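**Student:** This is the structure I have questions about; it appears just below.
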Number of protein chains: 2
Amino acid sequence: MVQDSNLGSHISRRFDHELESIRNQVLTMGGLVETQVNRGLKGLLESDSEIARKVVQDDYKINRMEVEIDDKCVKILARRQPAASDLRLVVAIIKTITDLERIGDQAEKLGRNQLELVDDGTSLSNYVNLEHLGELVSRMLNRALDAFARMDVEEALKTIALDEKINAEFEAIMRQLITHMMEDPRTIRSALRVSWCARALERIGDHSKNICEYIVFLVQGKDVRHTGKRDQDS
Amino acid sequence: MVQDSNLGSHISRRFDHELESIRNQVLTMGGLVETQVNRGLKGLLESDSEIARKVVQDDYKINRMEVEIDDKCVKILARRQPAASDLRLVVAIIKTITDLERIGDQAEKLGRNQLELVDDGTSLSNYVNLEHLGELVSRMLNRALDAFARMDVEEALKTIALDEKINAEFEAIMRQLITHMMEDPRTIRSALRVSWCARALERIGDHSKNICEYIVFLVQGKDVRHTGKRDQDS
């Protein structure tokens, strides 16, 4: 609301350019987060410690991007006076990168647990198949990032709905794991570790859902959070 | 930087008033979150289903406050052009209430798990004593909120340091639970439930730490996140 009246079109163009550059950085961060999640999964499913170690090592890159983008957002709010819709974009970005960073933490956790499972001499496939849950989560994250890139509310709403499937799959895995542990108590330690991986995946789903909710807030100016049953894990 | 030159002192005072009112709302939200956590703990430790049910029922109040405060923050950013330090306060508030809301979710989880433990006919004290972890977490949350109320960086930094104690206590509880499960596999289902309560408490510690980091960012204009080993759970 201030942007066009107070600032010349030259400055206004520069503002658009800055905002576009921040948006692109978020997309780059999203791409990196996606790579980390997919590598974390691959490490786990293929018992590949080298990839798992790489995931753990690379987490700092995501953390650094969060701090950088956050800083740019505060600066753009301070230097320009963004109009209502631009302002919502900046606020949505500040929230989105928090969730992206936490997805990164979950990917790192997949990596760490893979390394510990290898130390235990355990093969994941002895317990449950995390592959299906992993696929669902990876697809949900991809769609959330895609919805963000295109600011596509419809896609965001469809993506939010996927979270229930993920929660159901997570519950099924937990039931399987409990049965395993009861049948053979020697597997408890490793089965717990597998359950933490499943939990990490489930939480990536929650964070992807959060991102989609920010898109709806951003485009429609409407807050869709807490309108249904909120996930307990976020 | 714009506030004093562009706006009259009348408007400027009104702005201060609005900002102060948002800050007070955050403190009220913090108080409610603290009550929820302490009730969730009490329900769990004293096997009091009535309190547990109240915690689950009241979570919506916290969710509603988050949406309201968020909305006010976006409006204040749009209508006023806050100077650098005020701007940082608004951004810190937007981040703080996200963590407060998630602490509320963890408190709700304590309540839900208490109700399920009662359904199982299990007494928590059969497994481990969550009391010490609960006390640590409750104290950390209290100190984080206090640091926020007084914008006290020193207190915030001291509070951040408490998180390591909480993580150590959490690990000790997990080890105890695993031993229990191995010794008596019939306890696996309930022991897992207790482990989820311990995890919820540990995550309240993480969120309290996040809040303290925002205080440092706010007061010093310096980002202390990701400077040390980041907790894996956040």
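Residue numbering restarts at 1 for every chain of the structure tokens, chains are lettered A, B, ... in their displayed order, and ligands are numbered from 1 as they appear.
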Hand me chain A as it sits after a least-squares fit onto chain B over every Cα, paired in order, written as a PDB file with C-alpha atoms, in the first residue's frame.

**Tutor:**
```pdb
ATOM      1  CA  MET A   1      13.850   4.427  11.361  1.00  0.00           C
ATOM      2  CA  VAL A   2      10.699   5.726   9.732  1.00  0.00           C
ATOM      3  CA  GLN A   3       8.465   5.846  12.772  1.00  0.00           C
ATOM      4  CA  ASP A   4       9.760   9.080  14.300  1.00  0.00           C
ATOM      5  CA  SER A   5      10.276  11.137  11.176  1.00  0.00           C
ATOM      6  CA  ASN A   6       7.148  10.253   9.211  1.00  0.00           C
ATOM      7  CA  LEU A   7       4.565   9.880  11.909  1.00  0.00           C
ATOM      8  CA  GLY A   8       3.474  12.359  14.489  1.00  0.00           C
ATOM      9  CA  SER A   9       4.115  11.622  18.140  1.00  0.00           C
ATOM     10  CA  HIS A  10       0.423  10.877  18.639  1.00  0.00           C
ATOM     11  CA  ILE A  11       0.513   8.072  16.067  1.00  0.00           C
ATOM     12  CA  SER A  12       3.867   6.960  17.355  1.00  0.00           C
ATOM     13  CA  ARG A  13       2.445   6.631  20.862  1.00  0.00           C
ATOM     14  CA  ARG A  14      -0.456   4.652  19.479  1.00  0.00           C
ATOM     15  CA  PHE A  15       2.061   2.382  17.753  1.00  0.00           C
ATOM     16  CA  ASP A  16       3.906   1.787  21.027  1.00  0.00           C
ATOM     17  CA  HIS A  17       0.603   1.032  22.638  1.00  0.00           C
ATOM     18  CA  GLU A  18      -0.323  -1.512  19.944  1.00  0.00           C
ATOM     19  CA  LEU A  19       3.073  -3.183  20.161  1.00  0.00           C
ATOM     20  CA  GLU A  20       2.836  -3.319  23.947  1.00  0.00           C
ATOM     21  CA  SER A  21      -0.598  -4.876  23.663  1.00  0.00           C
ATOM     22  CA  ILE A  22       0.725  -7.604  21.318  1.00  0.00           C
ATOM     23  CA  ARG A  23       3.616  -8.261  23.703  1.00  0.00           C
ATOM     24  CA  ASN A  24       1.140  -8.627  26.561  1.00  0.00           C
ATOM     25  CA  GLN A  25      -0.903 -11.077  24.523  1.00  0.00           C
ATOM     26  CA  VAL A  26       2.226 -13.176  23.979  1.00  0.00           C
ATOM     27  CA  LEU A  27       2.800 -13.181  27.750  1.00  0.00           C
ATOM     28  CA  THR A  28      -0.804 -14.277  28.310  1.00  0.00           C
ATOM     29  CA  MET A  29      -0.374 -17.024  25.719  1.00  0.00           C
ATOM     30  CA  GLY A  30       2.866 -18.049  27.448  1.00  0.00           C
ATOM     31  CA  GLY A  31       1.053 -18.243  30.788  1.00  0.00           C
ATOM     32  CA  LEU A  32      -1.640 -20.440  29.293  1.00  0.00           C
ATOM     33  CA  VAL A  33       0.953 -22.708  27.679  1.00  0.00           C
ATOM     34  CA  GLU A  34       2.752 -23.018  31.003  1.00  0.00           C
ATOM     35  CA  THR A  35      -0.501 -23.954  32.754  1.00  0.00           C
ATOM     36  CA  GLN A  36      -1.165 -26.593  30.084  1.00  0.00           C
ATOM     37  CA  VAL A  37       2.295 -28.124  30.494  1.00  0.00           C
ATOM     38  CA  ASN A  38       2.057 -28.183  34.290  1.00  0.00           C
ATOM     39  CA  ARG A  39      -1.428 -29.683  34.160  1.00  0.00           C
ATOM     40  CA  GLY A  40      -0.295 -32.263  31.606  1.00  0.00           C
ATOM     41  CA  LEU A  41       2.517 -33.226  33.953  1.00  0.00           C
ATOM     42  CA  LYS A  42       0.277 -33.321  37.015  1.00  0.00           C
ATOM     43  CA  GLY A  43      -2.228 -35.510  35.176  1.00  0.00           C
ATOM     44  CA  LEU A  44       0.536 -37.902  34.242  1.00  0.00           C
ATOM     45  CA  LEU A  45       2.354 -38.038  37.582  1.00  0.00           C
ATOM     46  CA  GLU A  46      -0.816 -38.287  39.685  1.00  0.00           C
ATOM     47  CA  SER A  47      -2.748 -40.468  37.194  1.00  0.00           C
ATOM     48  CA  ASP A  48      -5.427 -37.781  37.207  1.00  0.00           C
ATOM     49  CA  SER A  49      -7.594 -38.297  34.115  1.00  0.00           C
ATOM     50  CA  GLU A  50      -9.787 -35.317  34.833  1.00  0.00           C
ATOM     51  CA  ILE A  51      -6.887 -32.896  34.547  1.00  0.00           C
ATOM     52  CA  ALA A  52      -5.561 -34.772  31.505  1.00  0.00           C
ATOM     53  CA  ARG A  53      -8.927 -34.422  29.778  1.00  0.00           C
ATOM     54  CA  LYS A  54      -8.980 -30.695  30.570  1.00  0.00           C
ATOM     55  CA  VAL A  55      -5.558 -30.283  28.958  1.00  0.00           C
ATOM     56  CA  VAL A  56      -6.746 -31.979  25.769  1.00  0.00           C
ATOM     57  CA  GLN A  57      -9.917 -29.877  25.730  1.00  0.00           C
ATOM     58  CA  ASP A  58      -8.129 -26.556  26.269  1.00  0.00           C
ATOM     59  CA  ASP A  59      -5.546 -26.869  23.504  1.00  0.00           C
ATOM     60  CA  TYR A  60      -7.798 -25.007  21.061  1.00  0.00           C
ATOM     61  CA  LYS A  61      -7.423 -21.849  23.171  1.00  0.00           C
ATOM     62  CA  ILE A  62      -3.700 -21.770  22.479  1.00  0.00           C
ATOM     63  CA  ASN A  63      -4.219 -22.400  18.775  1.00  0.00           C
ATOM     64  CA  ARG A  64      -6.703 -19.541  18.630  1.00  0.00           C
ATOM     65  CA  MET A  65      -4.295 -17.179  20.373  1.00  0.00           C
ATOM     66  CA  GLU A  66      -1.563 -18.030  17.893  1.00  0.00           C
ATOM     67  CA  VAL A  67      -3.768 -17.151  14.929  1.00  0.00           C
ATOM     68  CA  GLU A  68      -4.926 -13.906  16.601  1.00  0.00           C
ATOM     69  CA  ILE A  69      -1.439 -12.693  17.500  1.00  0.00           C
ATOM     70  CA  ASP A  70      -0.084 -13.663  14.086  1.00  0.00           C
ATOM     71  CA  ASP A  71      -2.821 -11.629  12.476  1.00  0.00           C
ATOM     72  CA  LYS A  72      -2.071  -8.589  14.640  1.00  0.00           C
ATOM     73  CA  CYS A  73       1.618  -8.834  13.797  1.00  0.00           C
ATOM     74  CA  VAL A  74       0.961  -8.831  10.048  1.00  0.00           C
ATOM     75  CA  LYS A  75      -1.417  -5.901  10.459  1.00  0.00           C
ATOM     76  CA  ILE A  76       1.038  -3.868  12.490  1.00  0.00           C
ATOM     77  CA  LEU A  77       3.734  -4.495   9.875  1.00  0.00           C
ATOM     78  CA  ALA A  78       1.328  -3.421   7.153  1.00  0.00           C
ATOM     79  CA  ARG A  79      -0.079  -0.302   8.817  1.00  0.00           C
ATOM     80  CA  ARG A  80       3.021   1.056  10.547  1.00  0.00           C
ATOM     81  CA  GLN A  81       6.569   0.942   9.367  1.00  0.00           C
ATOM     82  CA  PRO A  82       8.304  -0.236  12.500  1.00  0.00           C
ATOM     83  CA  ALA A  83      11.861   0.899  13.103  1.00  0.00           C
ATOM     84  CA  ALA A  84      14.631  -1.690  13.176  1.00  0.00           C
ATOM     85  CA  SER A  85      14.325  -2.732  16.828  1.00  0.00           C
ATOM     86  CA  ASP A  86      10.502  -2.772  16.812  1.00  0.00           C
ATOM     87  CA  LEU A  87      10.638  -4.766  13.614  1.00  0.00           C
ATOM     88  CA  ARG A  88      12.896  -7.346  15.220  1.00  0.00           C
ATOM     89  CA  LEU A  89      10.406  -7.531  18.091  1.00  0.00           C
ATOM     90  CA  VAL A  90       7.527  -8.279  15.697  1.00  0.00           C
ATOM     91  CA  VAL A  91       9.560 -10.938  13.863  1.00  0.00           C
ATOM     92  CA  ALA A  92      10.642 -12.465  17.197  1.00  0.00           C
ATOM     93  CA  ILE A  93       6.996 -12.553  18.303  1.00  0.00           C
ATOM     94  CA  ILE A  94       5.907 -14.284  15.067  1.00  0.00           C
ATOM     95  CA  LYS A  95       8.537 -16.959  15.715  1.00  0.00           C
ATOM     96  CA  THR A  96       7.923 -17.227  19.474  1.00  0.00           C
ATOM     97  CA  ILE A  97       4.204 -17.918  19.149  1.00  0.00           C
ATOM     98  CA  THR A  98       4.901 -20.752  16.686  1.00  0.00           C
ATOM     99  CA  ASP A  99       7.018 -22.433  19.348  1.00  0.00           C
ATOM    100  CA  LEU A 100       4.473 -21.673  22.090  1.00  0.00           C
ATOM    101  CA  GLU A 101       1.758 -23.302  20.002  1.00  0.00           C
ATOM    102  CA  ARG A 102       3.923 -26.384  19.512  1.00  0.00           C
ATOM    103  CA  ILE A 103       4.648 -26.565  23.234  1.00  0.00           C
ATOM    104  CA  GLY A 104       0.866 -26.549  23.631  1.00  0.00           C
ATOM    105  CA  ASP A 105       0.668 -29.531  21.255  1.00  0.00           C
ATOM    106  CA  GLN A 106       3.185 -31.403  23.390  1.00  0.00           C
ATOM    107  CA  ALA A 107       1.194 -30.640  26.551  1.00  0.00           C
ATOM    108  CA  GLU A 108      -1.898 -31.981  24.809  1.00  0.00           C
ATOM    109  CA  LYS A 109       0.091 -35.102  23.954  1.00  0.00           C
ATOM    110  CA  LEU A 110       0.917 -35.595  27.650  1.00  0.00           C
ATOM    111  CA  GLY A 111      -2.824 -35.433  28.344  1.00  0.00           C
ATOM    112  CA  ARG A 112      -3.728 -37.899  25.581  1.00  0.00           C
ATOM    113  CA  ASN A 113      -1.076 -40.375  26.654  1.00  0.00           C
ATOM    114  CA  GLN A 114      -2.202 -40.183  30.260  1.00  0.00           C
ATOM    115  CA  LEU A 115      -5.718 -41.117  29.170  1.00  0.00           C
ATOM    116  CA  GLU A 116      -4.381 -44.053  27.140  1.00  0.00           C
ATOM    117  CA  LEU A 117      -2.160 -45.221  29.998  1.00  0.00           C
ATOM    118  CA  VAL A 118      -5.217 -45.282  32.233  1.00  0.00           C
ATOM    119  CA  ASP A 119      -7.071 -47.272  29.586  1.00  0.00           C
ATOM    120  CA  ASP A 120      -4.189 -49.739  29.575  1.00  0.00           C
ATOM    121  CA  GLY A 121      -4.536 -50.014  33.349  1.00  0.00           C
ATOM    122  CA  THR A 122      -0.879 -49.057  33.654  1.00  0.00           C
ATOM    123  CA  SER A 123       0.649 -47.041  36.412  1.00  0.00           C
ATOM    124  CA  LEU A 124       3.426 -44.786  35.235  1.00  0.00           C
ATOM    125  CA  SER A 125       5.472 -45.387  38.356  1.00  0.00           C
ATOM    126  CA  ASN A 126       5.894 -49.001  37.296  1.00  0.00           C
ATOM    127  CA  TYR A 127       8.272 -47.823  34.626  1.00  0.00           C
ATOM    128  CA  VAL A 128      10.288 -44.738  35.270  1.00  0.00           C
ATOM    129  CA  ASN A 129      10.033 -41.590  37.190  1.00  0.00           C
ATOM    130  CA  LEU A 130       9.257 -38.773  34.807  1.00  0.00           C
ATOM    131  CA  GLU A 131       9.067 -36.354  37.714  1.00  0.00           C
ATOM    132  CA  HIS A 132      12.632 -35.096  37.543  1.00  0.00           C
ATOM    133  CA  LEU A 133      12.523 -34.590  33.755  1.00  0.00           C
ATOM    134  CA  GLY A 134       9.163 -32.854  34.156  1.00  0.00           C
ATOM    135  CA  GLU A 135      10.560 -30.490  36.783  1.00  0.00           C
ATOM    136  CA  LEU A 136      13.555 -29.594  34.633  1.00  0.00           C
ATOM    137  CA  VAL A 137      11.365 -28.919  31.601  1.00  0.00           C
ATOM    138  CA  SER A 138       8.788 -26.925  33.538  1.00  0.00           C
ATOM    139  CA  ARG A 139      11.523 -24.782  35.065  1.00  0.00           C
ATOM    140  CA  MET A 140      13.181 -24.227  31.694  1.00  0.00           C
ATOM    141  CA  LEU A 141       9.906 -23.091  30.110  1.00  0.00           C
ATOM    142  CA  ASN A 142       9.237 -20.772  33.039  1.00  0.00           C
ATOM    143  CA  ARG A 143      12.658 -19.197  32.730  1.00  0.00           C
ATOM    144  CA  ALA A 144      12.322 -18.818  28.951  1.00  0.00           C
ATOM    145  CA  LEU A 145       9.011 -16.970  29.392  1.00  0.00           C
ATOM    146  CA  ASP A 146      10.518 -14.861  32.146  1.00  0.00           C
ATOM    147  CA  ALA A 147      13.474 -13.961  29.927  1.00  0.00           C
ATOM    148  CA  PHE A 148      10.999 -13.015  27.189  1.00  0.00           C
ATOM    149  CA  ALA A 149       8.948 -10.840  29.553  1.00  0.00           C
ATOM    150  CA  ARG A 150      12.035  -8.948  30.726  1.00  0.00           C
ATOM    151  CA  MET A 151      13.938  -9.212  27.418  1.00  0.00           C
ATOM    152  CA  ASP A 152      16.830 -10.490  29.468  1.00  0.00           C
ATOM    153  CA  VAL A 153      19.602 -11.837  27.213  1.00  0.00           C
ATOM    154  CA  GLU A 154      21.726 -13.125  30.063  1.00  0.00           C
ATOM    155  CA  GLU A 155      18.839 -15.148  31.466  1.00  0.00           C
ATOM    156  CA  ALA A 156      18.047 -16.379  27.923  1.00  0.00           C
ATOM    157  CA  LEU A 157      21.612 -17.621  27.451  1.00  0.00           C
ATOM    158  CA  LYS A 158      21.590 -19.365  30.861  1.00  0.00           C
ATOM    159  CA  THR A 159      18.265 -20.972  29.989  1.00  0.00           C
ATOM    160  CA  ILE A 160      19.572 -22.249  26.634  1.00  0.00           C
ATOM    161  CA  ALA A 161      22.286 -24.108  28.566  1.00  0.00           C
ATOM    162  CA  LEU A 162      19.640 -26.076  30.530  1.00  0.00           C
ATOM    163  CA  ASP A 163      18.672 -27.948  27.371  1.00  0.00           C
ATOM    164  CA  GLU A 164      21.696 -30.238  27.623  1.00  0.00           C
ATOM    165  CA  LYS A 165      20.652 -31.386  31.098  1.00  0.00           C
ATOM    166  CA  ILE A 166      17.199 -32.186  29.768  1.00  0.00           C
ATOM    167  CA  ASN A 167      18.609 -34.161  26.863  1.00  0.00           C
ATOM    168  CA  ALA A 168      20.831 -36.161  29.219  1.00  0.00           C
ATOM    169  CA  GLU A 169      17.889 -36.921  31.520  1.00  0.00           C
ATOM    170  CA  PHE A 170      15.795 -37.960  28.503  1.00  0.00           C
ATOM    171  CA  GLU A 171      18.511 -40.355  27.323  1.00  0.00           C
ATOM    172  CA  ALA A 172      18.733 -41.879  30.821  1.00  0.00           C
ATOM    173  CA  ILE A 173      14.967 -42.478  30.845  1.00  0.00           C
ATOM    174  CA  MET A 174      15.095 -44.082  27.404  1.00  0.00           C
ATOM    175  CA  ARG A 175      17.837 -46.466  28.569  1.00  0.00           C
ATOM    176  CA  GLN A 176      15.751 -47.422  31.617  1.00  0.00           C
ATOM    177  CA  LEU A 177      12.693 -48.021  29.435  1.00  0.00           C
ATOM    178  CA  ILE A 178      14.597 -50.248  27.015  1.00  0.00           C
ATOM    179  CA  THR A 179      15.857 -52.340  29.933  1.00  0.00           C
ATOM    180  CA  HIS A 180      12.288 -52.653  31.222  1.00  0.00           C
ATOM    181  CA  MET A 181      10.951 -53.726  27.854  1.00  0.00           C
ATOM    182  CA  MET A 182      13.653 -56.332  27.441  1.00  0.00           C
ATOM    183  CA  GLU A 183      13.102 -57.759  30.901  1.00  0.00           C
ATOM    184  CA  ASP A 184       9.351 -57.959  30.486  1.00  0.00           C
ATOM    185  CA  PRO A 185       8.077 -57.783  26.897  1.00  0.00           C
ATOM    186  CA  ARG A 186       4.501 -57.524  28.139  1.00  0.00           C
ATOM    187  CA  THR A 187       5.299 -53.961  29.191  1.00  0.00           C
ATOM    188  CA  ILE A 188       6.398 -52.881  25.694  1.00  0.00           C
ATOM    189  CA  ARG A 189       3.186 -51.153  24.718  1.00  0.00           C
ATOM    190  CA  SER A 190       2.942 -49.070  27.892  1.00  0.00           C
ATOM    191  CA  ALA A 191       6.668 -48.429  28.040  1.00  0.00           C
ATOM    192  CA  LEU A 192       6.496 -47.002  24.522  1.00  0.00           C
ATOM    193  CA  ARG A 193       3.707 -44.723  25.632  1.00  0.00           C
ATOM    194  CA  VAL A 194       5.834 -43.523  28.538  1.00  0.00           C
ATOM    195  CA  SER A 195       8.693 -42.942  26.096  1.00  0.00           C
ATOM    196  CA  TRP A 196       6.409 -40.697  24.016  1.00  0.00           C
ATOM    197  CA  CYS A 197       5.676 -38.629  27.128  1.00  0.00           C
ATOM    198  CA  ALA A 198       9.395 -38.323  27.811  1.00  0.00           C
ATOM    199  CA  ARG A 199       9.932 -37.294  24.188  1.00  0.00           C
ATOM    200  CA  ALA A 200       7.154 -34.675  24.465  1.00  0.00           C
ATOM    201  CA  LEU A 201       8.860 -33.197  27.536  1.00  0.00           C
ATOM    202  CA  GLU A 202      12.219 -33.196  25.815  1.00  0.00           C
ATOM    203  CA  ARG A 203      10.723 -31.318  22.879  1.00  0.00           C
ATOM    204  CA  ILE A 204       9.216 -28.691  25.185  1.00  0.00           C
ATOM    205  CA  GLY A 205      12.815 -28.097  26.240  1.00  0.00           C
ATOM    206  CA  ASP A 206      13.821 -27.651  22.582  1.00  0.00           C
ATOM    207  CA  HIS A 207      11.038 -25.148  21.928  1.00  0.00           C
ATOM    208  CA  SER A 208      11.942 -23.210  25.092  1.00  0.00           C
ATOM    209  CA  LYS A 209      15.476 -23.049  23.797  1.00  0.00           C
ATOM    210  CA  ASN A 210      14.215 -21.683  20.471  1.00  0.00           C
ATOM    211  CA  ILE A 211      12.337 -18.919  22.310  1.00  0.00           C
ATOM    212  CA  CYS A 212      15.502 -17.959  24.187  1.00  0.00           C
ATOM    213  CA  GLU A 213      17.399 -17.795  20.910  1.00  0.00           C
ATOM    214  CA  TYR A 214      14.839 -15.349  19.517  1.00  0.00           C
ATOM    215  CA  ILE A 215      15.358 -13.138  22.598  1.00  0.00           C
ATOM    216  CA  VAL A 216      19.078 -12.987  21.920  1.00  0.00           C
ATOM    217  CA  PHE A 217      18.408 -12.237  18.240  1.00  0.00           C
ATOM    218  CA  LEU A 218      15.958  -9.552  19.251  1.00  0.00           C
ATOM    219  CA  VAL A 219      18.076  -7.780  21.837  1.00  0.00           C
ATOM    220  CA  GLN A 220      21.501  -8.197  20.306  1.00  0.00           C
ATOM    221  CA  GLY A 221      20.429  -8.275  16.674  1.00  0.00           C
ATOM    222  CA  LYS A 222      22.607 -11.357  16.489  1.00  0.00           C
ATOM    223  CA  ASP A 223      21.596 -14.799  15.388  1.00  0.00           C
ATOM    224  CA  VAL A 224      22.800 -17.441  17.850  1.00  0.00           C
ATOM    225  CA  ARG A 225      21.023 -20.306  16.135  1.00  0.00           C
ATOM    226  CA  HIS A 226      23.079 -23.096  14.687  1.00  0.00           C
ATOM    227  CA  THR A 227      26.254 -21.879  16.290  1.00  0.00           C
ATOM    228  CA  GLY A 228      26.720 -24.992  18.380  1.00  0.00           C
ATOM    229  CA  LYS A 229      25.610 -28.550  17.909  1.00  0.00           C
ATOM    230  CA  ARG A 230      21.962 -28.255  17.042  1.00  0.00           C
ATOM    231  CA  ASP A 231      19.509 -30.471  18.869  1.00  0.00           C
ATOM    232  CA  GLN A 232      18.248 -33.106  16.592  1.00  0.00           C
ATOM    233  CA  ASP A 233      14.742 -32.666  17.834  1.00  0.00           C
ATOM    234  CA  SER A 234      13.068 -29.363  17.389  1.00  0.00           C
TER     235      SER A 234
END
```
